Amino acid sequence: MRSLSKYCALLLCWTASSCLGDLDVKPTENVDQSVVFQTVDDLNAGVLGVYAGLGTTSITISSLMADENMLPVENNTNKGVQVFSWKQEPVIADIGQAWQNFYMVIDRANRILDKIDGVAVPQQDEAKRDQLKGELLAIRAYCHFELLRHYAVDYDPTSPGIPVMTSSAIGKPARVPVSKVFEQIDADLAAARPLIPAGYTVNTHVTALAVIAMQARSALWQEHWEQAITHASTVINAMPLATPAQFADVWLDKSNAEVIWKLRREAQDAKLGDFYREGTRIMYAPAFKLMNSMNAATDVRFNAWFKDLGAGRWAVNKYVGGQPALVNLADVKLLRVSEMYLVRAEAYAATGTVGLASGTADLNALRAQRLNGYTAVTFASPQALADAVLEERYKELAFEGHRYFDLRRKKAPISRIPEDVVQAPAALLNTPADRGYYMPIPLRETQANENVSQHPKYQ
């Protein structure tokens with residue numbers, strides 16, 4: 001009971017604070033964390049609070065900004081419509097959610113990291129304390145990565161990135177270059193990896209394998225091809241892809257096949273599936289462009305992710321879950337082995353003709369588990385393979401928070417088809433030259449922190 005009361009006091013402080021500027025509200029209570037954290041159980045409770053803060057804004061923003069979804073006539077609520085129409089402004093709530101959520105989680109993690117080394121525990125608990133520290137470092141890296149994807153001016157190494165927070169503080173930090181953000185991400189992951197035992201495999205927490213998968217993702221974004229290949233290979237060698245027989249059960253939460261890390265969702269938690277369908281009303285349907293790219297008769301992903309409700313009404317089925325009494329409640333998969341195959345295939349393609357055969361083998365291996373009766377293909381050039389990998393990412397990682405950011409890192413246009421924009425007919429093409437291609441920093445943050453420069457397109 002003593003630990004629980006201290007944990008509640010800590011959460012009270014967390015929910016009343018923000019690590020940057022005046023985005024939310026100022027702290028109303030100071031908690032002496034040297035008193036709060038006295039045992040490894042106290043630390044574990046605090047870490048659970050950090051996990052509890054993780055949200056799904058990357059998924060919803062990507063669904064709104066990219067070409068994964070269509071806006072149906074029955075969505076007359078105006079929810080997300082400005083972003084879907086590429087008319088986002090710094091004042092709207094959809095823009096600020098990722099900033100607020102990920103910096104809140106970073107601040108929660110930093111509050112514990114600032115104290116964890118000073119918590120004296122019995123020798124038998126030292127390994128657990130170290131593991132919890134590793135999990136926190138990895139979560140901090142994950143959140144900085146997501147913030148960078150959302151709010152960096154662009155992803156060139158010298159471009160303005162985001163503020164980096166490595167300690168809990170109220171202040172006015174400035175953006176640092178993209179390369180410096182990645183330096184911190186990589187340093188946190190490198191420090192986390194040896195702290196988490198290799199035998200720890202609870203995939204609702206960050207495991208050592210999840211850390212390696214994050215390293216692979218980070219290396220890909222930095223175009224560190226050999227590192228991406230090395231890290232992705234470690235994950236691939238440790239965990240197989242889901243078979244066609246297992247695949248549907250992954251999305252019903254009846255199987256953990258190929259799931260490296262996921263957010264566990266309980267009855268009291270927000271339901272990601274509600275973003276796509278509220279009751280009988282379809283809010284954001286799967287894009288016809290996306291569905292047209294997949295063969296319903298042979299692709300096991302099609303029926304797992306899409307559902308025909310009749311009369312031309314298609315729904316995203318990926319997050320409906322497997323509990324009829326709790327429709328739209330499903331665990332959120334943050335890292336899967338299939339992404340590692342695509343990371344490695346893209347990295348091989350980037351190495352030129354020397355990597356063409358290996359990258360092709362990776363893409364064929366993934367497709368063989370997704371397409372019934374699949375026949376392996378070959379590619380005439382590394383660029384043809386790279387194009388195929390990007391298209392496969394569109395299908396394999398749909399509604400998982402990647403498509404918009406993939407197009408941005410490639411500096412590629414966002415292109416929709418007319419059937420997907422019946423409610424927003426002007427939102428057909430969005431290019432890197434357009435204002436609506438980028439995410440602004442929320443206005444409340446730039447007003448409170450004059451050191452955070454707004455995206456040039458929004459100045």
# chains A, B, ... in the order shown; residues from 1 in each chain; ligands from 1

$ residues_around --residues "region 419-434 of chain A" --least-positions-apart "5" --cutoff "9 Å" --atoms "only C-alpha atoms" --output "ChimeraX atom specification"
/A:67,69-73,81,84-86,285-289,408,411-414,457

$ residues_around --residues "region 436-449 of chain A" --least-positions-apart "4" --cutoff "9 Å" --atoms "only C-alpha atoms" --output "number ranges by chain"
A: 20-24, 65, 83, 85-93, 95-97, 99, 150-154, 171-174, 408, 413-414, 430-432, 453-458

$ write_last_selection --atoms "C-alpha atoms" --output "mmCIF file, in the first residue's frame"
data_model
loop_
_atom_site.group_PDB
_atom_site.id
_atom_site.type_symbol
_atom_site.label_atom_id
_atom_site.label_comp_id
_atom_site.auth_asym_id
_atom_site.auth_seq_id
_atom_site.Cartn_x
_atom_site.Cartn_y
_atom_site.Cartn_z
ATOM 1 C CA LEU A 20 8.432 22.233 -22.545
ATOM 2 C CA GLY A 21 7.229 25.784 -22.349
ATOM 3 C CA ASP A 22 3.560 26.145 -21.452
ATOM 4 C CA LEU A 23 2.025 23.559 -23.755
ATOM 5 C CA ASP A 24 -0.263 22.231 -21.052
ATOM 6 C CA MET A 65 -1.947 12.896 -44.039
ATOM 7 C CA VAL A 83 -5.497 17.519 -41.635
ATOM 8 C CA SER A 85 -7.515 18.121 -46.477
ATOM 9 C CA TRP A 86 -3.919 19.273 -45.883
ATOM 10 C CA LYS A 87 -5.155 22.511 -44.331
ATOM 11 C CA GLN A 88 -3.650 21.919 -40.913
ATOM 12 C CA GLU A 89 -2.778 24.942 -38.810
ATOM 13 C CA PRO A 90 -0.712 25.264 -35.613
ATOM 14 C CA VAL A 91 -3.862 25.974 -33.598
ATOM 15 C CA ILE A 92 -5.790 22.746 -34.168
ATOM 16 C CA ALA A 93 -5.747 19.940 -31.629
ATOM 17 C CA ILE A 95 -1.393 19.056 -34.625
ATOM 18 C CA GLY A 96 -0.512 19.315 -30.957
ATOM 19 C CA GLN A 97 -1.345 15.782 -29.852
ATOM 20 C CA TRP A 99 3.988 17.048 -29.369
ATOM 21 C CA HIS A 150 6.424 14.704 -37.040
ATOM 22 C CA TYR A 151 8.034 18.078 -36.518
ATOM 23 C CA ALA A 152 11.487 18.273 -38.113
ATOM 24 C CA VAL A 153 11.627 20.893 -40.850
ATOM 25 C CA ASP A 154 12.838 18.043 -43.043
ATOM 26 C CA GLY A 171 12.621 25.469 -19.799
ATOM 27 C CA LYS A 172 12.751 26.894 -23.284
ATOM 28 C CA PRO A 173 14.939 24.566 -25.324
ATOM 29 C CA ALA A 174 15.540 25.189 -29.003
ATOM 30 C CA ARG A 408 8.417 12.529 -46.438
ATOM 31 C CA PRO A 413 4.554 13.482 -53.318
ATOM 32 C CA ILE A 414 1.448 12.292 -51.516
ATOM 33 C CA ASN A 430 0.650 17.205 -51.929
ATOM 34 C CA THR A 431 4.317 17.848 -52.726
ATOM 35 C CA PRO A 432 7.385 18.922 -50.729
ATOM 36 C CA SER A 453 11.278 28.209 -34.306
ATOM 37 C CA GLN A 454 8.147 27.406 -36.272
ATOM 38 C CA HIS A 455 8.389 25.425 -39.496
ATOM 39 C CA PRO A 456 9.323 27.900 -42.260
ATOM 40 C CA LYS A 457 6.174 27.028 -44.225
ATOM 41 C CA TYR A 458 4.068 28.258 -41.289
#

$ select_by_dssp --residues "region 63-296 of chain A" --states "strand (DSSP E or B)" --output "list of chain:residue names"
A:Asn69, A:Met70, A:Pro160, A:Gly171, A:Pro177, A:Val259, A:Ile260, A:Trp261, A:Lys262, A:Leu263, A:Arg277, A:Glu278, A:Arg281, A:Ile282, A:Ala285, A:Pro286

$ residues_around --residues "region 382-398 of chain A" --least-positions-apart "3" --cutoff "10 Å" --atoms "only C-alpha atoms" --output "JSON, numbers by chain"
{"A": [59, 62, 63, 67, 68, 69, 286, 290, 291, 293, 294, 301, 302, 305, 318, 336, 338, 339, 341, 342, 343, 344, 345, 346, 347, 348, 349, 350, 351, 352, 353, 354, 355, 356, 357, 359, 360, 362, 363, 366, 367, 370, 378, 379, 401, 402, 403, 404, 406, 407, 410]}

$ select_by_dssp --residues "region 160-308 of chain A" --states "alpha helix (DSSP H)" --output "PyMOL selection string"
chain A and resi 178-192+208-221+225-238+244-251+273-276+288-292+300-305

$ residues_around --residues "Thr298 (chain A)" --least-positions-apart "5" --cutoff "10 Å" --atoms "only C-alpha atoms" --output "list in words"
Asn303, Arg370, Leu371, Asn372, Gly373 and Tyr374 of chain A

$ closest_residue --among "A:Ala238, A:Ile170, A:Val202, A:Val178" --to "Leu263 (chain A)" --atoms "only C-alpha atoms"
A:Val202

$ closest_residue --among "A:Ile162, A:Leu147, A:Val337, A:Ile212" --to "Asn451 (chain A)" --atoms "only C-alpha atoms"
A:Ile162

$ closest_residue --among "A:Tyr155, A:Phe37, A:Phe182, A:Tyr142" --to "Ile116 (chain A)" --atoms "only C-alpha atoms"
A:Phe37

$ residues_around --residues "Thr204 (chain A)" --least-positions-apart "4" --cutoff "10 Å" --atoms "only C-alpha atoms" --output "PDB file with C-alpha atoms, in the first residue's frame"
ATOM      1  CA  TYR A  51       4.247   2.968 -20.718  1.00  0.00           C
ATOM      2  CA  VAL A 259       5.198  -9.047 -32.820  1.00  0.00           C
ATOM      3  CA  ILE A 260       8.325  -7.536 -31.269  1.00  0.00           C
ATOM      4  CA  TRP A 261       6.692  -4.782 -29.217  1.00  0.00           C
ATOM      5  CA  LYS A 262       3.084  -3.788 -28.722  1.00  0.00           C
ATOM      6  CA  LEU A 263       0.999  -1.515 -26.534  1.00  0.00           C
ATOM      7  CA  ARG A 264      -1.332  -3.629 -24.459  1.00  0.00           C
ATOM      8  CA  ARG A 265      -4.875  -2.279 -24.463  1.00  0.00           C
ATOM      9  CA  ASP A 331      -3.301  -4.136 -28.926  1.00  0.00           C
ATOM     10  CA  VAL A 332      -1.237  -1.680 -30.963  1.00  0.00           C
ATOM     11  CA  LYS A 333       1.702  -3.294 -32.724  1.00  0.00           C
ATOM     12  CA  LEU A 334       4.659  -0.905 -32.702  1.00  0.00           C
TER      13      LEU A 334
END

$ closest_residue --among "A:Val320, A:Ala365, A:Val452, A:Ala248" --to "Glu278 (chain A)" --atoms "only C-alpha atoms"
A:Val320

$ residues_around --residues "Gln268 (chain A)" --least-positions-apart "6" --cutoff "12 Å" --atoms "only C-alpha atoms" --output "ChimeraX atom specification"
/A:52,326,329-330

$ write_last_selection --atoms "N, CA and C atoms" --output "short mmCIF file (atom, residue, chain, number, x, y, z; two decimals), in the first residue's frame"
data_model
loop_
_atom_site.label_atom_id
_atom_site.label_comp_id
_atom_site.auth_asym_id
_atom_site.auth_seq_id
_atom_site.Cartn_x
_atom_site.Cartn_y
_atom_site.Cartn_z
N ALA A 52 2.10 3.68 -19.82
CA ALA A 52 0.68 4.03 -19.90
C ALA A 52 0.47 5.32 -20.68
N LEU A 326 -16.02 -5.82 -26.82
CA LEU A 326 -15.15 -4.65 -26.76
C LEU A 326 -14.66 -4.32 -28.17
N LEU A 329 -11.24 -2.48 -29.65
CA LEU A 329 -10.15 -2.55 -28.67
C LEU A 329 -9.16 -3.61 -29.13
N ALA A 330 -7.97 -3.17 -29.46
CA ALA A 330 -6.94 -4.10 -29.94
C ALA A 330 -5.58 -3.59 -29.50
#

$ closest_residue --among "A:Leu64, A:Val40, A:Leu137, A:Ala45" --to "Val119 (chain A)" --atoms "only C-alpha atoms"
A:Val40

$ closest_residue --among "A:Ile106, A:Ala210, A:Leu113, A:Ala296" --to "Arg140 (chain A)" --atoms "only C-alpha atoms"
A:Ile106

$ decode --residues "region 359-402 of chain A" --atoms "N, CA and C atoms" --output "mmCIF file, in the first residue's frame"
data_model
loop_
_atom_site.group_PDB
_atom_site.id
_atom_site.type_symbol
_atom_site.label_atom_id
_atom_site.label_comp_id
_atom_site.auth_asym_id
_atom_site.auth_seq_id
_atom_site.Cartn_x
_atom_site.Cartn_y
_atom_site.Cartn_z
ATOM 1 N N GLY A 359 18.569 -8.227 -51.241
ATOM 2 C CA GLY A 359 17.366 -7.441 -51.021
ATOM 3 C C GLY A 359 16.157 -8.063 -51.684
ATOM 4 N N THR A 360 16.355 -8.601 -52.869
ATOM 5 C CA THR A 360 15.265 -9.279 -53.571
ATOM 6 C C THR A 360 14.808 -10.504 -52.788
ATOM 7 N N ALA A 361 15.743 -11.228 -52.221
ATOM 8 C CA ALA A 361 15.401 -12.409 -51.429
ATOM 9 C C ALA A 361 14.557 -12.029 -50.218
ATOM 10 N N ASP A 362 14.884 -10.903 -49.574
ATOM 11 C CA ASP A 362 14.102 -10.454 -48.425
ATOM 12 C C ASP A 362 12.670 -10.109 -48.828
ATOM 13 N N LEU A 363 12.527 -9.388 -49.921
ATOM 14 C CA LEU A 363 11.185 -9.005 -50.361
ATOM 15 C C LEU A 363 10.376 -10.238 -50.760
ATOM 16 N N ASN A 364 11.011 -11.162 -51.449
ATOM 17 C CA ASN A 364 10.316 -12.396 -51.822
ATOM 18 C C ASN A 364 9.936 -13.225 -50.598
ATOM 19 N N ALA A 365 10.795 -13.239 -49.591
ATOM 20 C CA ALA A 365 10.496 -14.006 -48.365
ATOM 21 C C ALA A 365 9.260 -13.454 -47.668
ATOM 22 N N LEU A 366 9.150 -12.131 -47.600
ATOM 23 C CA LEU A 366 7.974 -11.527 -46.981
ATOM 24 C C LEU A 366 6.726 -11.807 -47.809
ATOM 25 N N ARG A 367 6.807 -11.591 -49.100
ATOM 26 C CA ARG A 367 5.636 -11.804 -49.956
ATOM 27 C C ARG A 367 5.177 -13.257 -49.931
ATOM 28 N N ALA A 368 6.098 -14.171 -49.794
ATOM 29 C CA ALA A 368 5.722 -15.589 -49.773
ATOM 30 C C ALA A 368 4.845 -15.924 -48.573
ATOM 31 N N GLN A 369 4.968 -15.138 -47.486
ATOM 32 C CA GLN A 369 4.137 -15.356 -46.310
ATOM 33 C C GLN A 369 2.831 -14.558 -46.356
ATOM 34 N N ARG A 370 2.683 -13.718 -47.333
ATOM 35 C CA ARG A 370 1.493 -12.879 -47.436
ATOM 36 C C ARG A 370 0.615 -13.211 -48.647
ATOM 37 N N LEU A 371 1.205 -13.769 -49.689
ATOM 38 C CA LEU A 371 0.483 -13.993 -50.944
ATOM 39 C C LEU A 371 0.402 -15.482 -51.234
ATOM 40 N N ASN A 372 -0.796 -15.996 -51.263
ATOM 41 C CA ASN A 372 -0.991 -17.409 -51.586
ATOM 42 C C ASN A 372 -0.576 -17.678 -53.027
ATOM 43 N N GLY A 373 0.213 -18.743 -53.211
ATOM 44 C CA GLY A 373 0.657 -19.097 -54.554
ATOM 45 C C GLY A 373 1.675 -18.136 -55.136
ATOM 46 N N TYR A 374 2.421 -17.445 -54.283
ATOM 47 C CA TYR A 374 3.361 -16.436 -54.762
ATOM 48 C C TYR A 374 4.532 -17.064 -55.516
ATOM 49 N N THR A 375 4.914 -16.446 -56.613
ATOM 50 C CA THR A 375 6.087 -16.828 -57.388
ATOM 51 C C THR A 375 7.144 -15.750 -57.242
ATOM 52 N N ALA A 376 8.332 -16.132 -56.836
ATOM 53 C CA ALA A 376 9.402 -15.163 -56.611
ATOM 54 C C ALA A 376 9.690 -14.367 -57.877
ATOM 55 N N VAL A 377 10.054 -13.095 -57.677
ATOM 56 C CA VAL A 377 10.338 -12.208 -58.799
ATOM 57 C C VAL A 377 11.792 -11.757 -58.742
ATOM 58 N N THR A 378 12.239 -11.177 -59.818
ATOM 59 C CA THR A 378 13.559 -10.559 -59.875
ATOM 60 C C THR A 378 13.396 -9.102 -60.294
ATOM 61 N N PHE A 379 14.435 -8.310 -60.057
ATOM 62 C CA PHE A 379 14.383 -6.890 -60.401
ATOM 63 C C PHE A 379 15.581 -6.537 -61.271
ATOM 64 N N ALA A 380 15.333 -5.671 -62.213
ATOM 65 C CA ALA A 380 16.368 -5.329 -63.183
ATOM 66 C C ALA A 380 17.434 -4.416 -62.602
ATOM 67 N N SER A 381 17.114 -3.716 -61.519
ATOM 68 C CA SER A 381 18.063 -2.743 -60.967
ATOM 69 C C SER A 381 17.781 -2.535 -59.489
ATOM 70 N N PRO A 382 18.760 -2.007 -58.756
ATOM 71 C CA PRO A 382 18.519 -1.669 -57.348
ATOM 72 C C PRO A 382 17.382 -0.661 -57.176
ATOM 73 N N GLN A 383 17.247 0.279 -58.116
ATOM 74 C CA GLN A 383 16.176 1.265 -58.005
ATOM 75 C C GLN A 383 14.812 0.602 -58.150
ATOM 76 N N ALA A 384 14.699 -0.373 -59.050
ATOM 77 C CA ALA A 384 13.430 -1.095 -59.195
ATOM 78 C C ALA A 384 13.079 -1.836 -57.909
ATOM 79 N N LEU A 385 14.091 -2.403 -57.256
ATOM 80 C CA LEU A 385 13.861 -3.059 -55.973
ATOM 81 C C LEU A 385 13.436 -2.044 -54.917
ATOM 82 N N ALA A 386 14.120 -0.900 -54.862
ATOM 83 C CA ALA A 386 13.779 0.129 -53.874
ATOM 84 C C ALA A 386 12.342 0.604 -54.054
ATOM 85 N N ASP A 387 11.916 0.772 -55.305
ATOM 86 C CA ASP A 387 10.538 1.191 -55.572
ATOM 87 C C ASP A 387 9.553 0.123 -55.095
ATOM 88 N N ALA A 388 9.891 -1.125 -55.312
ATOM 89 C CA ALA A 388 9.017 -2.223 -54.891
ATOM 90 C C ALA A 388 8.933 -2.310 -53.368
ATOM 91 N N VAL A 389 10.044 -2.039 -52.692
ATOM 92 C CA VAL A 389 10.050 -2.070 -51.236
ATOM 93 C C VAL A 389 9.151 -0.962 -50.679
ATOM 94 N N LEU A 390 9.229 0.228 -51.245
ATOM 95 C CA LEU A 390 8.377 1.321 -50.785
ATOM 96 C C LEU A 390 6.901 0.972 -50.985
ATOM 97 N N GLU A 391 6.574 0.366 -52.103
ATOM 98 C CA GLU A 391 5.193 -0.052 -52.355
ATOM 99 C C GLU A 391 4.773 -1.156 -51.382
ATOM 100 N N GLU A 392 5.696 -2.050 -51.064
ATOM 101 C CA GLU A 392 5.365 -3.118 -50.114
ATOM 102 C C GLU A 392 5.187 -2.562 -48.703
ATOM 103 N N ARG A 393 5.942 -1.549 -48.343
ATOM 104 C CA ARG A 393 5.747 -0.891 -47.053
ATOM 105 C C ARG A 393 4.353 -0.277 -46.979
ATOM 106 N N TYR A 394 3.899 0.286 -48.082
ATOM 107 C CA TYR A 394 2.552 0.859 -48.152
ATOM 108 C C TYR A 394 1.505 -0.176 -47.782
ATOM 109 N N LYS A 395 1.682 -1.389 -48.263
ATOM 110 C CA LYS A 395 0.698 -2.447 -48.010
ATOM 111 C C LYS A 395 0.938 -3.128 -46.659
ATOM 112 N N GLU A 396 2.157 -3.525 -46.393
ATOM 113 C CA GLU A 396 2.448 -4.305 -45.196
ATOM 114 C C GLU A 396 2.281 -3.497 -43.907
ATOM 115 N N LEU A 397 2.611 -2.218 -43.941
ATOM 116 C CA LEU A 397 2.595 -1.396 -42.731
ATOM 117 C C LEU A 397 1.436 -0.411 -42.713
ATOM 118 N N ALA A 398 0.423 -0.663 -43.511
ATOM 119 C CA ALA A 398 -0.735 0.227 -43.573
ATOM 120 C C ALA A 398 -1.359 0.394 -42.191
ATOM 121 N N PHE A 399 -1.748 1.617 -41.872
ATOM 122 C CA PHE A 399 -2.401 1.967 -40.609
ATOM 123 C C PHE A 399 -1.517 1.668 -39.393
ATOM 124 N N GLU A 400 -0.204 1.655 -39.579
ATOM 125 C CA GLU A 400 0.714 1.439 -38.460
ATOM 126 C C GLU A 400 1.628 2.639 -38.230
ATOM 127 N N GLY A 401 1.317 3.765 -38.884
ATOM 128 C CA GLY A 401 2.045 4.996 -38.604
ATOM 129 C C GLY A 401 3.328 5.171 -39.376
ATOM 130 N N HIS A 402 3.368 4.711 -40.625
ATOM 131 C CA HIS A 402 4.601 4.810 -41.406
ATOM 132 C C HIS A 402 4.454 5.526 -42.747
#
